[in-house]
file upload-v6.cif (mmCIF, C-alpha atoms)
data_final
loop_
_atom_site.group_PDB
_atom_site.id
_atom_site.type_symbol
_atom_site.label_atom_id
_atom_site.label_comp_id
_atom_site.auth_asym_id
_atom_site.auth_seq_id
_atom_site.Cartn_x
_atom_site.Cartn_y
_atom_site.Cartn_z
ATOM 1 C CA MET A 1 216.075 82.933 -22.650
ATOM 2 C CA GLU A 2 216.728 81.428 -26.070
ATOM 3 C CA LEU A 3 215.255 78.128 -24.883
ATOM 4 C CA LEU A 4 212.124 79.903 -23.659
ATOM 5 C CA ARG A 5 211.707 81.655 -27.010
ATOM 6 C CA TYR A 6 212.162 78.331 -28.764
ATOM 7 C CA PHE A 7 209.422 76.669 -26.721
ATOM 8 C CA ASP A 8 207.149 79.694 -27.094
ATOM 9 C CA ASP A 9 207.521 79.571 -30.865
ATOM 10 C CA THR A 10 207.251 75.801 -31.299
ATOM 11 C CA THR A 11 204.262 75.343 -28.982
ATOM 12 C CA SER A 12 202.464 78.263 -30.610
ATOM 13 C CA ARG A 13 203.023 76.748 -34.044
ATOM 14 C CA ALA A 14 201.779 73.386 -32.831
ATOM 15 C CA VAL A 15 198.584 74.845 -31.367
ATOM 16 C CA HIS A 16 197.859 76.807 -34.543
ATOM 17 C CA ALA A 17 198.517 73.769 -36.694
ATOM 18 C CA ARG A 18 196.179 71.660 -34.545
ATOM 19 C CA ARG A 19 193.469 74.308 -34.721
ATOM 20 C CA GLU A 20 193.791 74.588 -38.492
ATOM 21 C CA TYR A 21 193.530 70.802 -38.817
ATOM 22 C CA LEU A 22 190.428 70.714 -36.604
ATOM 23 C CA SER A 23 188.814 73.530 -38.599
ATOM 24 C CA MET A 24 189.396 71.555 -41.774
ATOM 25 C CA MET A 25 187.712 68.546 -40.167
ATOM 26 C CA ILE A 26 184.657 70.587 -39.143
ATOM 27 C CA ARG A 27 184.421 72.173 -42.594
ATOM 28 C CA SER A 28 184.454 68.737 -44.189
ATOM 29 C CA GLN A 29 181.989 67.227 -41.722
ATOM 30 C CA CYS A 30 179.498 70.115 -42.060
ATOM 31 C CA ASP A 31 180.100 70.991 -45.718
ATOM 32 C CA SER A 32 181.048 74.499 -44.497
ATOM 33 C CA VAL A 33 177.465 75.200 -43.335
ATOM 34 C CA VAL A 34 176.858 76.935 -39.989
ATOM 35 C CA GLN A 35 175.176 74.457 -37.649
ATOM 36 C CA TYR A 36 173.995 76.624 -34.748
ATOM 37 C CA GLY A 37 173.016 80.168 -33.924
ATOM 38 C CA ILE A 38 171.831 83.216 -35.777
ATOM 39 C CA LEU A 39 173.809 82.271 -38.912
ATOM 40 C CA LYS A 40 172.526 78.686 -39.041
ATOM 41 C CA GLY A 41 172.305 77.473 -42.617
ATOM 42 C CA PHE A 42 174.822 79.971 -44.024
ATOM 43 C CA ARG A 43 177.637 78.389 -46.010
ATOM 44 C CA VAL A 44 180.914 79.944 -44.830
ATOM 45 C CA PRO A 45 183.267 80.641 -47.748
ATOM 46 C CA PRO A 46 187.023 80.132 -47.426
ATOM 47 C CA SER A 47 188.651 83.096 -45.719
ATOM 48 C CA ASN A 48 191.688 84.930 -47.033
ATOM 49 C CA TRP A 49 192.722 86.051 -43.569
ATOM 50 C CA ALA A 50 190.846 84.108 -40.879
ATOM 51 C CA GLU A 51 190.453 80.544 -42.094
ATOM 52 C CA ILE A 52 191.761 79.266 -38.784
ATOM 53 C CA ILE A 53 188.539 80.431 -37.085
ATOM 54 C CA SER A 54 186.165 78.901 -39.627
ATOM 55 C CA SER A 55 185.208 76.226 -37.101
ATOM 56 C CA ALA A 56 183.973 78.931 -34.699
ATOM 57 C CA TYR A 57 181.764 80.303 -37.473
ATOM 58 C CA ILE A 58 180.379 76.852 -38.266
ATOM 59 C CA LEU A 59 179.754 75.969 -34.617
ATOM 60 C CA GLY A 60 178.144 79.327 -33.867
ATOM 61 C CA THR A 61 180.674 80.328 -31.222
ATOM 62 C CA TYR A 62 182.381 83.152 -33.134
ATOM 63 C CA GLU A 63 181.779 86.473 -31.332
ATOM 64 C CA VAL A 64 178.973 84.742 -29.510
ATOM 65 C CA SER A 65 178.233 87.809 -27.384
ATOM 66 C CA VAL A 66 177.693 89.907 -30.504
ATOM 67 C CA CYS A 67 175.576 87.155 -32.035
ATOM 68 C CA ALA A 68 173.391 87.064 -28.920
ATOM 69 C CA ILE A 69 172.728 90.798 -29.228
ATOM 70 C CA LEU A 70 172.064 90.559 -32.965
ATOM 71 C CA ASP A 71 169.671 87.679 -32.315
ATOM 72 C CA LEU A 72 167.771 89.865 -29.847
ATOM 73 C CA LEU A 73 167.542 92.696 -32.390
ATOM 74 C CA ARG A 74 166.923 90.655 -35.532
ATOM 75 C CA SER A 75 164.009 91.533 -37.791
ATOM 76 C CA PRO A 76 163.448 91.305 -41.556
ATOM 77 C CA ARG A 77 162.279 94.923 -41.309
ATOM 78 C CA LYS A 78 165.644 96.083 -39.953
ATOM 79 C CA VAL A 79 168.804 97.023 -41.818
ATOM 80 C CA LEU A 80 172.302 95.992 -40.742
ATOM 81 C CA VAL A 81 174.948 98.677 -41.213
ATOM 82 C CA ASP A 82 178.208 96.727 -41.135
ATOM 83 C CA LEU A 83 181.260 98.942 -40.660
ATOM 84 C CA GLY A 84 184.318 96.886 -41.561
ATOM 85 C CA GLY A 85 182.740 94.106 -43.621
ATOM 86 C CA ALA A 86 185.864 91.921 -43.904
ATOM 87 C CA ASP A 87 184.793 88.501 -45.242
ATOM 88 C CA GLY A 88 181.069 89.281 -45.150
ATOM 89 C CA VAL A 89 179.967 86.621 -42.699
ATOM 90 C CA PHE A 90 177.748 89.148 -40.909
ATOM 91 C CA GLY A 91 177.018 91.622 -43.703
ATOM 92 C CA VAL A 92 176.059 88.976 -46.258
ATOM 93 C CA GLY A 93 175.252 86.004 -44.038
ATOM 94 C CA LEU A 94 172.697 87.729 -41.807
ATOM 95 C CA VAL A 95 170.766 88.893 -44.847
ATOM 96 C CA GLU A 96 170.826 85.476 -46.510
ATOM 97 C CA VAL A 97 169.438 83.709 -43.423
ATOM 98 C CA GLY A 98 166.723 86.332 -42.998
ATOM 99 C CA ALA A 99 167.892 87.861 -39.726
ATOM 100 C CA PHE A 100 167.940 91.301 -41.381
ATOM 101 C CA GLY A 101 166.129 92.524 -44.459
ATOM 102 C CA ARG A 102 169.156 94.134 -46.060
ATOM 103 C CA SER A 103 172.620 95.414 -45.248
ATOM 104 C CA PHE A 104 174.962 98.255 -46.033
ATOM 105 C CA ILE A 105 178.589 97.138 -45.808
ATOM 106 C CA PHE A 106 181.442 99.625 -45.511
ATOM 107 C CA GLU A 107 184.911 98.220 -46.185
ATOM 108 C CA LEU A 108 188.215 100.056 -46.595
ATOM 109 C CA ASP A 109 190.073 97.399 -48.625
ATOM 110 C CA ALA A 110 189.280 97.368 -52.359
ATOM 111 C CA ASP A 111 189.986 93.648 -52.807
ATOM 112 C CA ARG A 112 187.653 92.806 -49.949
ATOM 113 C CA ARG A 113 184.969 95.055 -51.419
ATOM 114 C CA ARG A 114 185.132 93.132 -54.681
ATOM 115 C CA GLY A 115 184.996 89.885 -52.732
ATOM 116 C CA LEU A 116 181.965 91.078 -50.750
ATOM 117 C CA ALA A 117 180.087 92.007 -53.915
ATOM 118 C CA GLU A 118 180.917 88.638 -55.481
ATOM 119 C CA MET A 119 179.874 86.862 -52.291
ATOM 120 C CA ALA A 120 176.533 88.658 -52.195
ATOM 121 C CA GLN A 121 175.948 87.667 -55.808
ATOM 122 C CA ALA A 122 176.909 84.034 -55.182
ATOM 123 C CA HIS A 123 174.566 83.824 -52.176
ATOM 124 C CA GLY A 124 171.645 85.347 -54.037
ATOM 125 C CA VAL A 125 171.343 88.566 -52.015
ATOM 126 C CA ALA A 126 173.066 91.101 -54.270
ATOM 127 C CA ASP A 127 169.825 93.094 -54.500
ATOM 128 C CA ARG A 128 169.742 93.470 -50.710
ATOM 129 C CA VAL A 129 173.433 93.981 -49.926
ATOM 130 C CA SER A 130 175.130 97.283 -50.790
ATOM 131 C CA VAL A 131 178.914 97.583 -50.556
ATOM 132 C CA PHE A 132 180.671 100.922 -50.036
ATOM 133 C CA GLY A 133 184.210 102.082 -49.333
ATOM 134 C CA GLU A 134 185.622 103.378 -46.073
ATOM 135 C CA ALA A 135 183.133 104.539 -43.455
ATOM 136 C CA THR A 136 183.776 108.282 -43.330
ATOM 137 C CA PRO A 137 181.925 110.760 -41.087
ATOM 138 C CA ASP A 138 179.172 111.118 -43.712
ATOM 139 C CA PHE A 139 178.443 107.364 -43.965
ATOM 140 C CA LEU A 140 174.955 107.861 -42.565
ATOM 141 C CA ASP A 141 174.101 110.129 -45.494
ATOM 142 C CA LEU A 142 174.585 107.150 -47.828
ATOM 143 C CA VAL A 143 172.166 105.100 -45.757
ATOM 144 C CA GLU A 144 169.494 107.773 -45.598
ATOM 145 C CA ALA A 145 169.915 108.606 -49.296
ATOM 146 C CA ARG A 146 168.653 105.088 -50.027
ATOM 147 C CA GLY A 147 165.445 105.697 -48.145
ATOM 148 C CA VAL A 148 166.361 103.907 -44.903
ATOM 149 C CA PRO A 149 165.375 105.661 -41.643
ATOM 150 C CA LEU A 150 168.216 105.475 -39.134
ATOM 151 C CA PRO A 151 166.012 104.112 -36.289
ATOM 152 C CA GLN A 152 165.480 101.085 -38.535
ATOM 153 C CA CYS A 153 169.225 100.359 -38.508
ATOM 154 C CA VAL A 154 171.438 98.186 -36.349
ATOM 155 C CA VAL A 155 175.067 99.323 -36.619
ATOM 156 C CA LEU A 156 177.875 96.795 -36.174
ATOM 157 C CA CYS A 157 181.367 98.305 -36.109
ATOM 158 C CA ASP A 158 184.742 96.562 -36.376
ATOM 159 C CA ILE A 159 187.192 99.061 -37.879
ATOM 160 C CA GLU A 160 190.463 98.421 -36.047
ATOM 161 C CA GLY A 161 190.743 101.576 -33.957
ATOM 162 C CA ALA A 162 189.070 104.054 -36.320
ATOM 163 C CA GLU A 163 185.934 103.804 -34.164
ATOM 164 C CA PHE A 164 187.373 106.396 -31.796
ATOM 165 C CA SER A 165 187.418 109.053 -34.501
ATOM 166 C CA LEU A 166 184.359 107.968 -36.502
ATOM 167 C CA PHE A 167 181.788 108.174 -33.711
ATOM 168 C CA SER A 168 181.751 111.919 -33.253
ATOM 169 C CA ASP A 169 179.050 113.740 -31.334
ATOM 170 C CA ALA A 170 177.276 114.454 -34.622
ATOM 171 C CA VAL A 171 177.242 110.769 -35.632
ATOM 172 C CA LEU A 172 176.153 109.598 -32.186
ATOM 173 C CA SER A 173 173.348 112.156 -32.142
ATOM 174 C CA ARG A 174 172.006 110.946 -35.490
ATOM 175 C CA LEU A 175 172.101 107.325 -34.334
ATOM 176 C CA GLN A 176 170.452 107.835 -30.950
ATOM 177 C CA LYS A 177 167.336 105.858 -31.919
ATOM 178 C CA SER A 178 169.427 102.952 -33.277
ATOM 179 C CA HIS A 179 171.298 100.107 -31.628
ATOM 180 C CA VAL A 180 175.067 100.344 -32.133
ATOM 181 C CA ILE A 181 177.635 97.623 -31.343
ATOM 182 C CA ILE A 182 181.249 98.827 -31.403
ATOM 183 C CA GLU A 183 184.241 96.492 -31.115
ATOM 184 C CA LEU A 184 187.007 98.253 -29.196
ATOM 185 C CA HIS A 185 190.589 98.403 -30.456
ATOM 186 C CA ASP A 186 192.237 100.881 -28.122
ATOM 187 C CA PHE A 187 195.374 98.721 -28.121
ATOM 188 C CA LEU A 188 195.910 99.563 -31.810
ATOM 189 C CA LEU A 189 196.207 103.293 -31.175
ATOM 190 C CA THR A 190 199.790 104.493 -31.498
ATOM 191 C CA ASP A 191 199.536 107.457 -29.144
ATOM 192 C CA PRO A 192 199.898 106.051 -25.605
ATOM 193 C CA VAL A 193 197.994 108.956 -24.046
ATOM 194 C CA ARG A 194 195.115 108.528 -26.487
ATOM 195 C CA ARG A 195 195.209 104.765 -25.995
ATOM 196 C CA GLU A 196 194.790 105.155 -22.244
ATOM 197 C CA SER A 197 191.695 107.353 -22.452
ATOM 198 C CA ALA A 198 190.011 106.371 -25.735
ATOM 199 C CA ILE A 199 187.409 103.952 -24.396
ATOM 200 C CA ALA A 200 186.402 106.179 -21.489
ATOM 201 C CA GLU A 201 186.052 109.187 -23.807
ATOM 202 C CA LEU A 202 183.954 107.268 -26.339
ATOM 203 C CA ARG A 203 181.734 105.899 -23.603
ATOM 204 C CA LEU A 204 181.251 109.336 -22.065
ATOM 205 C CA ALA A 205 180.323 110.822 -25.448
ATOM 206 C CA ALA A 206 177.886 107.974 -26.150
ATOM 207 C CA GLU A 207 176.190 108.239 -22.758
ATOM 208 C CA ARG A 208 174.834 111.619 -23.794
ATOM 209 C CA TYR A 209 172.498 109.827 -26.220
ATOM 210 C CA PHE A 210 172.461 106.142 -25.218
ATOM 211 C CA ASP A 211 172.370 103.701 -22.377
ATOM 212 C CA VAL A 212 175.792 102.069 -22.716
ATOM 213 C CA CYS A 213 176.679 98.474 -21.846
ATOM 214 C CA GLU A 214 180.173 97.011 -21.932
ATOM 215 C CA VAL A 215 180.180 93.514 -23.402
ATOM 216 C CA LYS A 216 183.198 91.297 -22.784
ATOM 217 C CA ASP A 217 184.321 88.265 -24.745
ATOM 218 C CA GLY A 218 184.974 84.862 -23.240
ATOM 219 C CA LEU A 219 181.547 83.831 -21.949
ATOM 220 C CA ARG A 220 181.166 80.534 -23.791
ATOM 221 C CA ASP A 221 179.221 77.474 -22.743
ATOM 222 C CA ILE A 222 180.300 74.615 -24.997
ATOM 223 C CA ARG A 223 178.987 71.795 -22.805
ATOM 224 C CA ASN A 224 175.949 71.061 -24.944
ATOM 225 C CA ILE A 225 177.123 71.540 -28.523
ATOM 226 C CA PRO A 226 175.685 68.398 -30.136
ATOM 227 C CA LEU A 227 178.422 68.099 -32.727
ATOM 228 C CA LEU A 228 181.147 68.028 -30.080
ATOM 229 C CA ARG A 229 179.720 65.543 -27.618
ATOM 230 C CA ASN A 230 182.267 62.887 -28.544
ATOM 231 C CA TRP A 231 185.244 65.233 -28.935
ATOM 232 C CA SER A 232 187.964 65.722 -26.342
ATOM 233 C CA ASP A 233 187.714 68.798 -24.166
ATOM 234 C CA TRP A 234 190.943 70.341 -25.481
ATOM 235 C CA ASP A 235 189.956 69.922 -29.120
ATOM 236 C CA SER A 236 186.483 71.272 -28.358
ATOM 237 C CA TRP A 237 187.913 74.452 -26.847
ATOM 238 C CA LEU A 238 190.346 74.908 -29.727
ATOM 239 C CA LEU A 239 187.454 74.664 -32.176
ATOM 240 C CA CYS A 240 185.351 77.237 -30.344
ATOM 241 C CA ILE A 241 187.854 79.982 -29.569
ATOM 242 C CA GLU A 242 188.896 82.718 -31.990
ATOM 243 C CA ALA A 243 192.710 82.585 -31.859
ATOM 244 C CA ARG A 244 193.001 86.216 -30.792
ATOM 245 C CA TYR A 245 195.956 87.642 -28.916
ATOM 246 C CA ARG A 246 193.747 89.333 -26.324
ATOM 247 C CA MET A 247 190.183 89.203 -25.014
ATOM 248 C CA MET A 248 187.995 91.588 -26.975
ATOM 249 C CA SER A 249 185.228 93.845 -25.722
ATOM 250 C CA TRP A 250 182.445 95.944 -27.204
ATOM 251 C CA LEU A 251 180.263 98.896 -26.312
ATOM 252 C CA TRP A 252 176.576 98.236 -26.922
ATOM 253 C CA LEU A 253 174.799 101.560 -27.344
ATOM 254 C CA ARG A 254 171.077 101.187 -26.621
ATOM 255 C CA PRO A 255 168.501 103.938 -27.209
ATOM 256 C CA LYS A 256 167.556 105.778 -24.041
ATOM 257 C CA GLY A 257 164.158 104.780 -22.738
ATOM 258 C CA GLU A 258 164.668 101.040 -23.117
ATOM 259 C CA ALA A 259 164.891 99.007 -19.932
ATOM 260 C CA ALA A 260 168.342 99.311 -18.387
ATOM 261 C CA LEU A 261 170.607 96.271 -18.478
ATOM 262 C CA THR A 262 173.107 95.374 -15.779
ATOM 263 C CA ALA A 263 176.350 93.589 -16.584
ATOM 264 C CA ALA A 264 174.838 90.426 -15.116
ATOM 265 C CA ALA A 265 171.812 90.766 -17.394
ATOM 266 C CA VAL A 266 174.055 91.055 -20.449
ATOM 267 C CA ASP A 267 175.932 87.927 -19.358
ATOM 268 C CA GLU A 268 172.630 86.082 -18.914
ATOM 269 C CA LEU A 269 171.568 87.155 -22.398
ATOM 270 C CA VAL A 270 174.720 85.602 -23.831
ATOM 271 C CA ILE A 271 174.404 82.369 -21.834
ATOM 272 C CA ASP A 272 170.701 82.022 -22.637
ATOM 273 C CA TYR A 273 171.418 82.447 -26.330
ATOM 274 C CA GLN A 274 173.892 79.574 -26.194
ATOM 275 C CA ARG A 275 171.478 77.369 -24.258
ATOM 276 C CA ARG A 276 168.855 77.928 -26.941
ATOM 277 C CA ILE A 277 170.997 77.431 -30.023
ATOM 278 C CA PHE A 278 172.664 74.259 -28.706
ATOM 279 C CA ALA A 279 169.477 72.663 -27.415
ATOM 280 C CA ALA A 280 169.187 69.172 -28.885
#

call {"tool": "encode", "arguments": {"input": "upload-v6.cif", "output": "structure tokens"}}
result
Amino acid sequence: MELLRYFDDTTSRAVHARREYLSMMIRSQCDSVVQYGILKGFRVPPSNWAEIISSAYILGTYEVSVCAILDLLRSPRKVLVDLGGADGVFGVGLVEVGAFGRSFIFELDADRRRGLAEMAQAHGVADRVSVFGEATPDFLDLVEARGVPLPQCVVLCDIEGAEFSLFSDAVLSRLQKSHVIIELHDFLLTDPVRRESAIAELRLAAERYFDVCEVKDGLRDIRNIPLLRNWSDWDSWLLCIEARYRMMSWLWLRPKGEAALTAAAVDELVIDYQRRIFAA
């Protein structure tokens, strides 16, 4: 048992070290600028917590399913409401590249909020990026108070388990004409009973107002990434994955009345997006 733990620890450290080294190489080769996808042209700043995945940002493979949906919804007339802004790659980056006209970023951590404001200033979009504190049940009031109609919004949520309490019936009702993408963190809930039922309960509540699609991570097609054509297959995969401890999934809430999407259609959307962005 001790020997198994030793090999588990040492091999894990080796893989992480290799991935960090490869990310440094990609950063240097590309001058930290995203090469493919919806964020193409955005210069990715150093991350305080996720530097190991910077290569996935730069290669356009980070949360590629989410990026495919955002690419479908993009419009300079739309507003991104980013719940859980973290390092600002979406909340700031998507405004800078013109995918969305402006963004409202909600972030719990005060240091990150300061960093997001500084980042928006450094990237020349401070007049179109607004940074707020924690997303509380009245977060939509802040959006509407700034003259933005909710149907004009695309909501992207990554708040580490708080999604199951934030999206009440009242919030879902107000957002029913918007697209909402919610990353699911049921595994972070401490109550085992709540953890078991959280996703099903959220989905059931959302289906009252939306057509709901489940989007699963892992559907990557890295065969045609121009930058990686001369790289080994193992290094290519290390560069494109996100170093998570589990496969993530999202609920995509789509306004009722839009054409229904099957799971296969969602998968095709994600694959088609990758075919387009990596086309030489």

call {"tool": "atom_distance", "arguments": {"input": "upload-v6.cif", "atom1": "atom CA of A:Arg18", "atom2": "atom CA of A:Gly84"}}
result
28.7 Å

call {"tool": "atom_distance", "arguments": {"input": "upload-v6.cif", "atom1": "atom CA of A:Gly124", "atom2": "atom CA of A:Ser23"}}
result
25.9 Å

call {"tool": "resolve_selection", "arguments": {"input": "upload-v6.cif", "expression": "the PyMOL selection byres ((chain A and resi 140-150) around 8)", "output": "PyMOL selection string"}}
result
chain A and resi 79+104+137-139+151-153+171+174-175+177-178

call {"tool": "atom_distance", "arguments": {"input": "upload-v6.cif", "atom1": "atom CA of A:Ala263", "atom2": "atom CA of A:Asp211"}}
result
12.3 Å

call {"tool": "axis_aligned_box", "arguments": {"input": "upload-v6.cif", "around": "stretch 182-196 of chain A", "padding_each_side": "4 Å", "output": "JSON"}}
result
{"center_x": 190.6, "center_y": 102.7, "center_z": -27.0, "size_x": 26.6, "size_y": 20.5, "size_z": 17.6}

call {"tool": "residues_near_point", "arguments": {"input": "upload-v6.cif", "point": "(186.3, 77.1, -29.6)", "cutoff": "12 Å", "atoms": "all atoms listed in the file", "output": "PyMOL selection string"}}
result
chain A and resi 19-20+22-23+26+52-64+218-223+225+228+231-244

call {"tool": "resolve_selection", "arguments": {"input": "upload-v6.cif", "expression": "the PyMOL selection byres ((chain A and resi 30) around 12)", "output": "NGL selection string"}}
result
:A and (23-29 or 31-36 or 40-44 or 54-55 or 57-59 or 227)

call {"tool": "resolve_selection", "arguments": {"input": "upload-v6.cif", "expression": "the PyMOL selection byres ((chain A and resi 111-120) around 10)", "output": "PyMOL selection string"}}
result
chain A and resi 45+48+84-89+91-93+95-96+105-110+121-134

call {"tool": "closest_residue", "arguments": {"input": "upload-v6.cif", "among": "A:Ala205, A:Ala135, A:Val215, A:Met247", "to": "A:Thr262", "atoms": "only C-alpha atoms"}}
result
A:Val215

call {"tool": "closest_residue", "arguments": {"input": "upload-v6.cif", "among": "A:Gly37, A:Arg195, A:Phe7, A:Ala50", "to": "A:Ile69", "atoms": "only C-alpha atoms"}}
result
A:Gly37

call {"tool": "residues_around", "arguments": {"input": "upload-v6.cif", "residues": "A:Ser65", "least_positions_apart": "3", "cutoff": "7 Å", "atoms": "only C-alpha atoms", "output": "MDAnalysis selection string"}}
result
chainID A and resid 68:69 217 270

call {"tool": "residues_around", "arguments": {"input": "upload-v6.cif", "residues": "A:Pro76", "least_positions_apart": "4", "cutoff": "10 Å", "atoms": "all atoms listed in the file", "output": "ChimeraX atom specification"}}
result
/A:94-95,97-102

call {"tool": "closest_residue", "arguments": {"input": "upload-v6.cif", "among": "A:Ala198, A:Val266, A:Ile159, A:Leu253", "to": "A:Gln176", "atoms": "only C-alpha atoms"}}
result
A:Leu253

call {"tool": "closest_residue", "arguments": {"input": "upload-v6.cif", "among": "A:Arg203, A:His16, A:His185, A:Arg74", "to": "A:Ile38", "atoms": "only C-alpha atoms"}}
result
A:Arg74

call {"tool": "closest_residue", "arguments": {"input": "upload-v6.cif", "among": "A:Trp250, A:Phe90, A:Tyr245, A:Tyr273", "to": "A:Val212", "atoms": "all atoms listed in the file"}}
result
A:Trp250

call {"tool": "residues_around", "arguments": {"input": "upload-v6.cif", "residues": "A:Ser173", "least_positions_apart": "4", "cutoff": "9 Å", "atoms": "all atoms listed in the file", "output": "MDAnalysis selection string"}}
result
chainID A and resid 168:169 177 206 208:209
